[in-house]
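Content type mmCIF, C-alpha atoms, from the file target-v1.cif:
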data_query
loop_
_atom_site.label_atom_id
_atom_site.label_comp_id
_atom_site.auth_asym_id
_atom_site.auth_seq_id
_atom_site.Cartn_x
_atom_site.Cartn_y
_atom_site.Cartn_z
CA MET A 1 5.79 -17.50 2.72
CA ASP A 2 4.17 -16.99 -0.69
CA ALA A 3 0.42 -16.54 -0.13
CA VAL A 4 -0.50 -19.03 -2.86
CA LEU A 5 1.79 -21.73 -1.47
CA ASP A 6 0.38 -21.10 1.99
CA ALA A 7 -3.14 -21.55 0.59
CA ILE A 8 -2.12 -24.75 -1.22
CA ALA A 9 -0.86 -26.20 2.05
CA ARG A 10 -4.15 -25.38 3.80
CA GLU A 11 -6.78 -26.20 1.17
CA ARG A 12 -9.05 -29.16 1.82
CA GLU A 13 -11.39 -28.73 -1.17
CA PRO A 14 -10.62 -28.92 -4.91
CA PHE A 15 -9.20 -25.73 -6.40
CA ALA A 16 -7.88 -24.46 -9.72
CA LEU A 17 -4.24 -23.43 -9.95
CA ALA A 18 -3.14 -21.03 -12.70
CA THR A 19 0.61 -20.83 -13.33
CA VAL A 20 2.55 -18.55 -15.67
CA VAL A 21 4.72 -21.00 -17.61
CA SER A 22 6.26 -18.61 -20.13
CA ALA A 23 6.61 -14.85 -20.44
CA TRP A 24 7.99 -12.71 -23.23
CA SER A 25 8.81 -9.03 -23.77
CA SER A 26 7.23 -6.67 -21.21
CA ALA A 27 4.92 -9.19 -19.55
CA PRO A 28 4.28 -8.06 -15.94
CA ARG A 29 4.81 -11.42 -14.20
CA GLU A 30 7.55 -14.00 -14.65
CA SER A 31 7.35 -17.75 -15.05
CA GLY A 32 6.20 -19.37 -11.83
CA ALA A 33 3.70 -16.66 -10.84
CA ARG A 34 0.53 -18.34 -9.55
CA MET A 35 -3.13 -17.71 -8.84
CA LEU A 36 -5.34 -20.07 -6.85
CA VAL A 37 -9.10 -20.05 -7.47
CA ARG A 38 -11.44 -21.84 -5.06
CA SER A 39 -14.81 -23.33 -5.93
CA ASP A 40 -16.54 -20.36 -4.28
CA GLY A 41 -14.71 -18.02 -6.67
CA SER A 42 -12.33 -16.53 -4.11
CA VAL A 43 -8.80 -15.87 -5.31
CA VAL A 44 -5.27 -15.88 -3.89
CA GLY A 45 -2.35 -14.56 -5.93
CA SER A 46 -2.02 -13.11 -9.41
CA VAL A 47 -0.73 -14.12 -12.83
CA SER A 48 -0.59 -10.74 -14.53
CA GLY A 49 -0.98 -7.92 -12.05
CA GLY A 50 -4.54 -7.35 -13.27
CA CYS A 51 -4.32 -7.54 -17.07
CA VAL A 52 -5.88 -10.96 -17.64
CA GLU A 53 -7.08 -11.96 -14.18
CA GLY A 54 -10.75 -11.88 -15.13
CA ASP A 55 -10.34 -14.23 -18.07
CA VAL A 56 -8.13 -16.63 -16.11
CA HIS A 57 -10.66 -16.60 -13.29
CA ALA A 58 -13.43 -17.61 -15.70
CA LEU A 59 -11.22 -20.31 -17.21
CA ALA A 60 -10.46 -21.63 -13.73
CA GLY A 61 -14.17 -22.12 -13.18
CA GLU A 62 -14.38 -24.25 -16.31
CA VAL A 63 -11.36 -26.31 -15.27
CA LEU A 64 -12.86 -26.88 -11.82
CA ALA A 65 -16.06 -28.08 -13.47
CA ASP A 66 -14.66 -30.52 -16.03
CA GLY A 67 -11.17 -31.26 -14.64
CA ALA A 68 -9.43 -30.77 -18.01
CA PRO A 69 -6.26 -28.62 -17.86
CA ARG A 70 -6.02 -25.63 -20.19
CA LEU A 71 -2.94 -23.94 -21.64
CA VAL A 72 -3.72 -20.45 -22.93
CA ARG A 73 -1.63 -17.60 -24.29
CA TYR A 74 -2.40 -13.92 -23.77
CA GLY A 75 -0.77 -10.96 -25.43
CA VAL A 76 -1.22 -7.75 -27.39
CA SER A 77 -1.19 -9.70 -30.65
CA ASP A 78 -3.45 -12.49 -29.43
CA GLU A 79 -6.72 -12.21 -31.39
CA VAL A 80 -8.47 -14.75 -29.18
CA ALA A 81 -7.58 -12.82 -26.03
CA GLY A 82 -8.48 -9.48 -27.69
CA ALA A 83 -10.31 -7.78 -24.86
CA VAL A 84 -7.98 -9.13 -22.19
CA GLY A 85 -4.67 -8.55 -23.98
CA LEU A 86 -1.76 -7.28 -21.93
CA THR A 87 -2.08 -3.52 -22.20
CA CYS A 88 1.55 -3.09 -21.11
CA GLY A 89 2.76 -5.27 -23.97
CA GLY A 90 4.31 -8.69 -23.96
CA THR A 91 2.86 -12.18 -23.90
CA ILE A 92 2.28 -14.74 -21.18
CA GLU A 93 1.32 -18.39 -21.33
CA VAL A 94 -0.78 -19.72 -18.46
CA LEU A 95 -1.52 -23.31 -17.44
CA VAL A 96 -4.74 -23.78 -15.47
CA GLN A 97 -5.25 -27.13 -13.74
CA ARG A 98 -7.57 -28.68 -11.17
CA VAL A 99 -5.98 -29.85 -7.92
CA GLU A 100 -7.72 -32.17 -5.49
CA PRO A 101 -6.25 -32.35 -1.99
CA GLY A 102 -6.08 -35.96 -0.84
CA ASP A 103 -3.97 -38.66 0.71
CA GLY A 104 -1.76 -39.29 -2.30
CA SER A 105 -3.55 -42.48 -3.32
CA ALA A 106 -4.64 -41.02 -6.66
CA PRO A 107 -2.98 -42.38 -9.85
CA ALA A 108 0.29 -40.79 -10.95
CA GLY A 109 -0.37 -37.61 -12.90
CA ASP A 110 -3.89 -37.30 -11.50
CA ALA A 111 -5.17 -34.03 -9.97
CA GLY A 112 -5.07 -35.68 -6.55
CA ALA A 113 -1.49 -36.84 -6.94
CA ALA A 114 -0.48 -33.30 -7.96
CA ALA A 115 -1.68 -32.04 -4.58
CA VAL A 116 0.86 -34.24 -2.79
CA ALA A 117 3.77 -32.79 -4.75
CA LEU A 118 2.43 -29.24 -4.40
CA THR A 119 2.06 -29.68 -0.65
CA ALA A 120 5.64 -31.01 -0.37
CA PHE A 121 6.82 -28.01 -2.40
CA ALA A 122 4.93 -25.59 -0.14
CA ALA A 123 6.27 -27.30 3.00
CA ALA A 124 9.87 -27.00 1.79
CA VAL A 125 9.40 -23.31 1.03
CA THR A 126 7.85 -22.78 4.48
CA ALA A 127 10.87 -24.46 6.05
CA GLY A 128 13.17 -22.06 4.22
CA ARG A 129 14.70 -24.74 2.01
CA ALA A 130 15.50 -24.41 -1.68
CA THR A 131 13.15 -26.56 -3.75
CA ALA A 132 12.00 -27.04 -7.34
CA LEU A 133 8.56 -27.84 -8.75
CA ALA A 134 8.45 -29.57 -12.14
CA THR A 135 5.08 -29.18 -13.89
CA VAL A 136 4.18 -30.83 -17.20
CA VAL A 137 2.99 -27.87 -19.27
CA ASP A 138 2.15 -29.69 -22.46
CA GLY A 139 2.43 -33.24 -23.72
CA ALA A 140 2.35 -34.76 -27.17
CA GLU A 141 -0.33 -37.20 -28.24
CA GLY A 142 0.56 -40.72 -27.24
CA ALA A 143 2.42 -39.74 -24.12
CA VAL A 144 1.39 -41.43 -20.88
CA THR A 145 2.23 -38.25 -19.00
CA ARG A 146 -0.74 -36.08 -18.09
CA GLN A 147 -0.70 -32.32 -18.65
CA GLY A 148 -0.50 -30.69 -15.23
CA ALA A 149 1.37 -33.61 -13.61
CA VAL A 150 3.71 -32.35 -10.90
CA LEU A 151 6.98 -33.49 -9.33
CA SER A 152 8.60 -31.70 -6.38
CA VAL A 153 12.38 -32.01 -5.85
CA ASP A 154 14.01 -30.68 -2.67
CA ASP A 155 17.56 -29.56 -1.94
CA VAL A 156 18.77 -33.08 -1.15
CA GLY A 157 17.35 -34.55 -4.36
CA ARG A 158 14.26 -36.13 -2.79
CA ALA A 159 11.38 -36.28 -5.31
CA THR A 160 7.68 -36.27 -4.44
CA GLY A 161 4.92 -36.89 -6.95
CA ALA A 162 4.83 -38.64 -10.30
CA THR A 163 4.09 -37.87 -13.94
CA GLY A 164 2.86 -41.29 -15.01
CA SER A 165 6.11 -42.11 -16.82
CA VAL A 166 8.83 -43.85 -14.79
CA ARG A 167 11.47 -42.78 -17.28
CA LEU A 168 10.35 -39.13 -17.22
CA ASP A 169 10.20 -39.19 -13.41
CA ALA A 170 13.81 -40.33 -13.22
CA ALA A 171 14.99 -37.77 -15.75
CA LEU A 172 13.04 -34.96 -14.10
CA ALA A 173 14.28 -35.78 -10.60
CA ALA A 174 17.88 -35.47 -11.79
CA ASP A 175 17.32 -32.49 -14.08
CA ALA A 176 15.23 -30.52 -11.59
CA ALA A 177 17.96 -31.00 -8.98
CA ALA A 178 20.47 -29.57 -11.46
CA VAL A 179 18.19 -26.62 -12.25
CA LEU A 180 17.78 -26.04 -8.51
CA GLU A 181 21.55 -25.62 -8.22
CA THR A 182 21.41 -22.70 -10.70
CA GLY A 183 18.72 -20.92 -8.69
CA ARG A 184 16.87 -20.11 -11.90
CA THR A 185 13.47 -21.25 -13.16
CA ALA A 186 13.78 -23.05 -16.50
CA GLU A 187 11.77 -24.89 -19.13
CA LEU A 188 12.86 -28.38 -20.23
CA THR A 189 11.68 -30.60 -23.08
CA TYR A 190 11.45 -34.37 -23.32
CA GLY A 191 10.28 -36.96 -25.79
CA VAL A 192 6.93 -38.73 -25.57
CA ASP A 193 8.69 -41.66 -23.89
CA GLY A 194 10.43 -39.37 -21.40
CA SER A 195 13.77 -39.34 -23.23
CA ARG A 196 15.93 -36.25 -22.92
CA GLN A 197 16.75 -36.26 -26.63
CA GLY A 198 13.11 -36.10 -27.74
CA VAL A 199 10.57 -33.30 -28.03
CA GLY A 200 6.87 -33.02 -27.39
CA ILE A 201 6.65 -32.78 -23.61
CA ARG A 202 7.29 -29.37 -22.06
CA VAL A 203 8.10 -29.09 -18.37
CA LEU A 204 8.38 -25.93 -16.27
CA VAL A 205 10.90 -26.29 -13.45
CA ASP A 206 10.05 -23.52 -10.99
CA VAL A 207 12.77 -22.82 -8.43
CA VAL A 208 12.12 -21.19 -5.06
CA ALA A 209 15.10 -20.44 -2.83
CA PRO A 210 15.16 -18.99 0.70
CA PRO A 211 15.42 -15.19 0.78
CA PRO A 212 18.96 -13.83 0.50
CA ARG A 213 20.54 -12.43 3.62
CA LEU A 214 21.43 -8.80 4.25
CA ILE A 215 23.84 -8.10 7.11
CA VAL A 216 24.02 -4.44 8.08
CA ALA A 217 26.81 -3.28 10.37
CA GLY A 218 26.21 0.02 12.14
CA VAL A 219 23.64 1.76 14.32
CA THR A 220 23.15 5.06 12.48
CA ASP A 221 19.92 6.49 11.07
CA PHE A 222 21.23 5.46 7.65
CA ALA A 223 21.53 1.87 8.87
CA ALA A 224 17.94 1.95 10.15
CA ALA A 225 16.69 3.14 6.76
CA VAL A 226 18.73 0.48 4.92
CA VAL A 227 17.35 -2.20 7.23
CA SER A 228 13.78 -1.14 6.40
CA MET A 229 14.47 -0.97 2.67
CA GLY A 230 16.23 -4.34 2.71
CA ARG A 231 13.28 -5.99 4.39
CA PHE A 232 10.90 -4.37 1.89
CA LEU A 233 12.97 -5.86 -0.94
CA GLY A 234 12.65 -9.36 0.51
CA PHE A 235 15.99 -9.82 2.27
CA GLU A 236 16.37 -11.62 5.57
CA VAL A 237 17.92 -8.71 7.47
CA THR A 238 20.38 -8.86 10.36
CA LEU A 239 21.55 -5.70 12.13
CA CYS A 240 24.86 -6.21 13.93
CA ASP A 241 26.82 -3.90 16.20
CA ALA A 242 28.77 -4.32 19.43
CA ARG A 243 27.16 -1.30 21.14
CA SER A 244 24.16 -2.63 23.06
CA ALA A 245 22.91 0.83 23.97
CA PHE A 246 22.26 1.56 20.30
CA ALA A 247 21.65 -1.87 18.73
CA THR A 248 18.12 -2.32 20.02
CA ARG A 249 14.90 -3.74 18.65
CA ALA A 250 13.20 -0.39 19.29
CA ARG A 251 15.63 1.40 16.96
CA PHE A 252 15.57 -1.32 14.30
CA PRO A 253 12.04 -2.76 14.30
CA ASP A 254 12.30 -3.97 10.69
CA ALA A 255 15.35 -6.16 11.28
CA HIS A 256 14.58 -9.85 11.43
CA GLU A 257 17.46 -10.17 13.89
CA VAL A 258 19.44 -7.71 16.02
CA VAL A 259 22.82 -9.08 17.06
CA ILE A 260 25.02 -7.44 19.67
CA ASP A 261 28.56 -8.47 18.75
CA TRP A 262 31.59 -7.24 16.91
CA PRO A 263 30.48 -7.49 13.25
CA HIS A 264 33.67 -9.21 12.05
CA ARG A 265 33.34 -11.86 14.75
CA TYR A 266 29.67 -12.41 13.96
CA LEU A 267 30.29 -12.74 10.22
CA ALA A 268 33.18 -15.15 10.78
CA GLY A 269 30.87 -17.30 12.90
CA GLU A 270 28.14 -17.25 10.25
CA LEU A 271 30.66 -18.26 7.59
CA ALA A 272 31.91 -21.13 9.70
CA ALA A 273 28.34 -22.31 10.28
CA GLY A 274 27.48 -22.13 6.58
CA ARG A 275 24.67 -19.62 7.13
CA VAL A 276 25.85 -17.14 4.48
CA ASP A 277 26.36 -17.80 0.79
CA ALA A 278 27.05 -16.22 -2.58
CA ARG A 279 23.75 -14.32 -2.41
CA THR A 280 24.53 -12.65 0.93
CA VAL A 281 24.92 -8.86 1.05
CA VAL A 282 27.08 -7.18 3.68
CA LEU A 283 26.81 -3.40 4.11
CA VAL A 284 29.28 -1.60 6.36
CA LEU A 285 27.72 1.63 7.64
CA THR A 286 29.60 2.23 10.88
CA HIS A 287 32.00 5.01 9.83
CA ASP A 288 34.53 3.70 12.35
CA PRO A 289 37.76 1.99 11.21
CA LYS A 290 37.92 -0.26 14.26
CA PHE A 291 34.58 -1.75 13.19
CA ASP A 292 34.85 -1.32 9.41
CA GLU A 293 38.22 -2.77 8.61
CA PRO A 294 38.13 -6.07 10.54
CA LEU A 295 34.68 -6.73 9.06
CA LEU A 296 35.78 -5.89 5.52
CA GLU A 297 38.82 -8.13 5.93
CA VAL A 298 36.51 -11.06 6.71
CA ALA A 299 33.83 -10.16 4.15
CA LEU A 300 36.20 -9.57 1.22
CA GLY A 301 37.93 -12.85 1.89
CA ALA A 302 34.66 -14.77 1.50
CA ASP A 303 32.51 -15.64 -1.50
CA LEU A 304 29.69 -13.19 -0.77
CA GLY A 305 27.33 -11.59 -3.23
CA PHE A 306 27.89 -7.93 -2.46
CA VAL A 307 30.09 -6.06 0.01
CA GLY A 308 29.57 -2.33 0.27
CA ALA A 309 30.82 0.41 2.58
CA MET A 310 29.75 4.00 3.16
CA GLY A 311 32.17 6.88 3.21
CA SER A 312 33.65 9.69 1.17
CA ARG A 313 36.06 9.06 -1.69
CA ARG A 314 38.92 10.12 0.56
CA THR A 315 37.72 7.73 3.27
CA HIS A 316 37.55 4.99 0.68
CA ALA A 317 41.11 5.65 -0.55
CA ASP A 318 42.48 5.66 3.00
CA ARG A 319 40.51 2.52 3.82
CA LEU A 320 41.96 0.69 0.81
CA ASP A 321 45.49 1.57 1.94
CA ARG A 322 44.85 0.20 5.42
CA LEU A 323 43.24 -2.97 4.03
CA ARG A 324 46.32 -3.52 1.87
CA GLU A 325 48.42 -3.21 5.02
CA ARG A 326 46.25 -5.98 6.49
CA GLY A 327 47.30 -8.18 3.60
CA LEU A 328 44.30 -7.98 1.26
CA GLY A 329 45.21 -8.23 -2.40
CA GLU A 330 43.80 -6.28 -5.32
CA HIS A 331 41.52 -9.14 -6.35
CA ALA A 332 39.79 -9.06 -2.94
CA LEU A 333 39.66 -5.26 -2.87
CA ALA A 334 37.96 -5.27 -6.28
CA ARG A 335 34.98 -6.90 -4.59
CA LEU A 336 34.37 -3.81 -2.46
CA HIS A 337 31.65 -1.40 -3.60
CA SER A 338 32.63 1.90 -2.07
CA PRO A 339 31.46 4.56 -1.78
CA VAL A 340 28.36 2.36 -1.92
CA GLY A 341 25.24 3.64 -3.68
CA LEU A 342 24.05 5.06 -6.99
CA ASP A 343 24.21 8.77 -7.79
CA LEU A 344 20.66 9.88 -6.89
CA ALA A 345 21.78 13.13 -5.23
CA GLY A 346 19.67 12.34 -2.16
CA ARG A 347 20.85 13.23 1.32
CA SER A 348 18.36 11.98 3.88
CA PRO A 349 18.72 8.53 5.44
CA ARG A 350 15.78 7.19 3.42
CA GLU A 351 17.06 8.66 0.17
CA THR A 352 20.48 7.24 0.92
CA ALA A 353 18.93 3.84 1.61
CA VAL A 354 17.24 3.94 -1.80
CA SER A 355 20.60 4.75 -3.37
CA ILE A 356 22.42 1.94 -1.57
CA MET A 357 19.82 -0.76 -2.16
CA SER A 358 19.42 0.34 -5.79
CA HIS A 359 23.14 -0.31 -6.15
CA VAL A 360 22.65 -3.80 -4.70
CA VAL A 361 19.71 -4.56 -7.01
CA ALA A 362 21.46 -3.22 -10.10
CA THR A 363 24.60 -5.24 -9.39
CA ARG A 364 22.62 -8.40 -8.73
CA ALA A 365 20.53 -8.08 -11.90
CA GLY A 366 23.20 -6.61 -14.16
CA GLY A 367 21.44 -3.25 -14.50
CA SER A 368 23.14 -0.05 -15.59
CA GLY A 369 21.53 2.27 -13.05
CA ARG A 370 20.71 4.72 -15.87
CA PRO A 371 17.23 6.17 -16.60
CA LEU A 372 15.14 3.82 -18.75
CA ALA A 373 14.35 6.71 -21.11
CA GLU A 374 18.05 6.88 -22.05
CA LEU A 375 18.19 3.19 -22.95
CA SER A 376 16.84 1.12 -25.83
CA GLY A 377 15.64 -2.46 -25.98
CA PRO A 378 13.32 -4.38 -23.64
CA ILE A 379 12.56 -2.79 -20.28
CA HIS A 380 12.23 -6.16 -18.57
CA ARG A 381 15.28 -8.37 -18.78
CA ASP A 382 15.32 -12.13 -18.47
CA ALA A 383 15.31 -13.17 -14.83
CA GLY A 384 18.84 -13.87 -13.64
CA ALA A 385 20.06 -16.70 -11.54
CA GLY A 386 20.00 -14.63 -8.39
CA GLY A 387 23.77 -14.40 -8.38
CA TYR A 388 26.29 -11.57 -8.63
CA PRO A 389 29.06 -11.06 -11.18
CA ALA A 390 32.48 -12.33 -10.23
CA PRO A 391 35.12 -9.73 -9.38
CA PRO A 392 37.69 -8.78 -12.01
CA ALA A 393 40.45 -11.31 -12.49
#
Do you think you could lay out the structure here as structure tokens?
Amino acid sequence: MDAVLDAIAREREPFALATVVSAWSSAPRESGARMLVRSDGSVVGSVSGGCVEGDVHALAGEVLADGAPRLVRYGVSDEVAGAVGLTCGGTIEVLVQRVEPGDGSAPAGDAGAAAVALTAFAAAVTAGRATALATVVDGAEGAVTRQGAVLSVDDVGRATGATGSVRLDAALAADAAAVLETGRTAELTYGVDGSRQGVGIRVLVDVVAPPPRLIVAGVTDFAAAVVSMGRFLGFEVTLCDARSAFATRARFPDAHEVVIDWPHRYLAGELAAGRVDARTVVLVLTHDPKFDEPLLEVALGADLGFVGAMGSRRTHADRLDRLRERGLGEHALARLHSPVGLDLAGRSPRETAVSIMSHVVATRAGGSGRPLAELSGPIHRDAGAGGYPAPPA
């Protein structure tokens, strides 16, 4: 669980919560990054990776003292932020608000009411459920909605919290649920009266989804390295192989789960149970047709995020022929990334794991896999929706 959300769920005294609500250019943290500051000055989390932490920390102390939210912008061109500008370039906008843990009896939009929504948000994340947190970033004069008001919306559309405007609450509950479906954090605007057509009220809808799954088939040293790299990258990793003598916890300590079963049978069961989705990655590293091909037949027939297989180019060509004999069409075969990995010229299991998982990351984010020095334009791209491109038609 995110350390800040864990702290939010546990805090019993007032604290200041700083949230990145907007980021441009080469800013080091994306929208939704948080830092919690307690009354004793202790800190959990980060909003900039170090660039502006000191100034935000001082601002948090002021917010804790007077209770008034602050919205501040930092960047290389920000004269006010001068000494704390982002040395790496870019600009971030940070909302700092006071939160008072309580029983939810505080008025809508109050710092105490915000704690209820934040706690519900943290609880949903802890339970591994997709959830969205709508935070009022800025409000126009005359609006009944308080800056810093929070509404949490879970994956079944249940809303917790209130902004002070019944109309805005209703609109946000529906809109946050729609944003949650995209898997992508977004900023929405509303009128002073909460109307969707108006302007003046800015709302950050921060989306947190359960970690994507990585299913690795095979019990080689390469598989062990991929398992470790996948866990490091934040995947929920399952190692699956039918050979119990090799598929052991001792050999794969970084796997969240070690399953002894035929991989194609295991994946079919996970599909039937709805435990894999369009973000799931399946990597076939067995080097054995009797394992590889039944698994690929199942994986390529499903709507998975990434399906990759190790092997030489000749192995890949032969494998495609046999998969065609099994009845797979060209559209399904186009989903297969093989030989899997980017050209890094590495040979060791760890180097190969870097190559394979770099391929997964690049495909997911739409990266080219080329050196940054050979490219032009922004280094940091807009955060994607966490999805993968569709296969060719």
Quiz item: Mind telling me what the PyMOL selection byres ((chain A and resi 32) around 7) catches here, as number ranges by chain?
Solution: A: 19-21, 30-31, 33-34, 206
Write to file, as a JSON list (two decimals), keeping the file's coordinate frame, the residues of the selection just made, with C-alpha atoms.
[["chain", "number", "residue", "atom", "x", "y", "z"],
["A", 19, "THR", "CA", 0.61, -20.83, -13.33],
["A", 20, "VAL", "CA", 2.55, -18.55, -15.67],
["A", 21, "VAL", "CA", 4.72, -21.00, -17.61],
["A", 30, "GLU", "CA", 7.55, -14.00, -14.65],
["A", 31, "SER", "CA", 7.35, -17.75, -15.05],
["A", 33, "ALA", "CA", 3.70, -16.66, -10.84],
["A", 34, "ARG", "CA", 0.53, -18.34, -9.55],
["A", 206, "ASP", "CA", 10.05, -23.52, -10.99]]
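CA of Leu214 (chain A) lies 7.6 Å from CA of Leu283 (chain A).
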Quiz prompt | Among the residues A:Ala114, A:Val125, A:Val361, A:Ala186, the one that comes closest to Val4 (chain A) [using all atoms listed in the file] | solution =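 Among the listed residues, A:Val125 lies closest to Val4 (chain A).
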Residues within 10 Å of Thr280 (chain A), all atoms listed in the file, excluding chain neighbours under 5 positions, as a JSON list (two decimals) with C-alpha atoms, keeping the file's coordinate frame:
[["chain", "number", "residue", "atom", "x", "y", "z"],
["A", 211, "PRO", "CA", 15.42, -15.19, 0.78],
["A", 212, "PRO", "CA", 18.96, -13.83, 0.50],
["A", 213, "ARG", "CA", 20.54, -12.43, 3.62],
["A", 214, "LEU", "CA", 21.43, -8.80, 4.25],
["A", 215, "ILE", "CA", 23.84, -8.10, 7.11],
["A", 235, "PHE", "CA", 15.99, -9.82, 2.27],
["A", 236, "GLU", "CA", 16.37, -11.62, 5.57],
["A", 275, "ARG", "CA", 24.67, -19.62, 7.13],
["A", 303, "ASP", "CA", 32.51, -15.64, -1.50],
["A", 304, "LEU", "CA", 29.69, -13.19, -0.77],
["A", 305, "GLY", "CA", 27.33, -11.59, -3.23],
["A", 306, "PHE", "CA", 27.89, -7.93, -2.46],
["A", 307, "VAL", "CA", 30.09, -6.06, 0.01],
["A", 387, "GLY", "CA", 23.77, -14.40, -8.38],
["A", 388, "TYR", "CA", 26.29, -11.57, -8.63]]
Self-check item: Between CA of Gly164 (chain A) and CA of Ile201 (chain A) - distance in Å to one decimal
Solution: 12.7 Å
Quiz item: If the PyMOL selection byres ((chain A and resi 196-200) around 10) is run on the structure shown, which residues does it catch, given as a ChimeraX atom specification?
Solution: /A:138-143,167-168,171-172,175,188-195,201-203
Quiz prompt | Point-to-point distance in Å for CA of Arg279 (chain A) and CA of Pro210 (chain A) | solution =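 Straight-line distance from CA of Pro210 (chain A) to CA of Arg279 (chain A) works out to 10.3 Å.
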Exercise. Rank nothing, just name the residue among A:Ala23, A:Leu375, A:Val137, A:Val43 nearest to Arg70 (chain A), using all atoms listed in the file.
Key: A:Val137
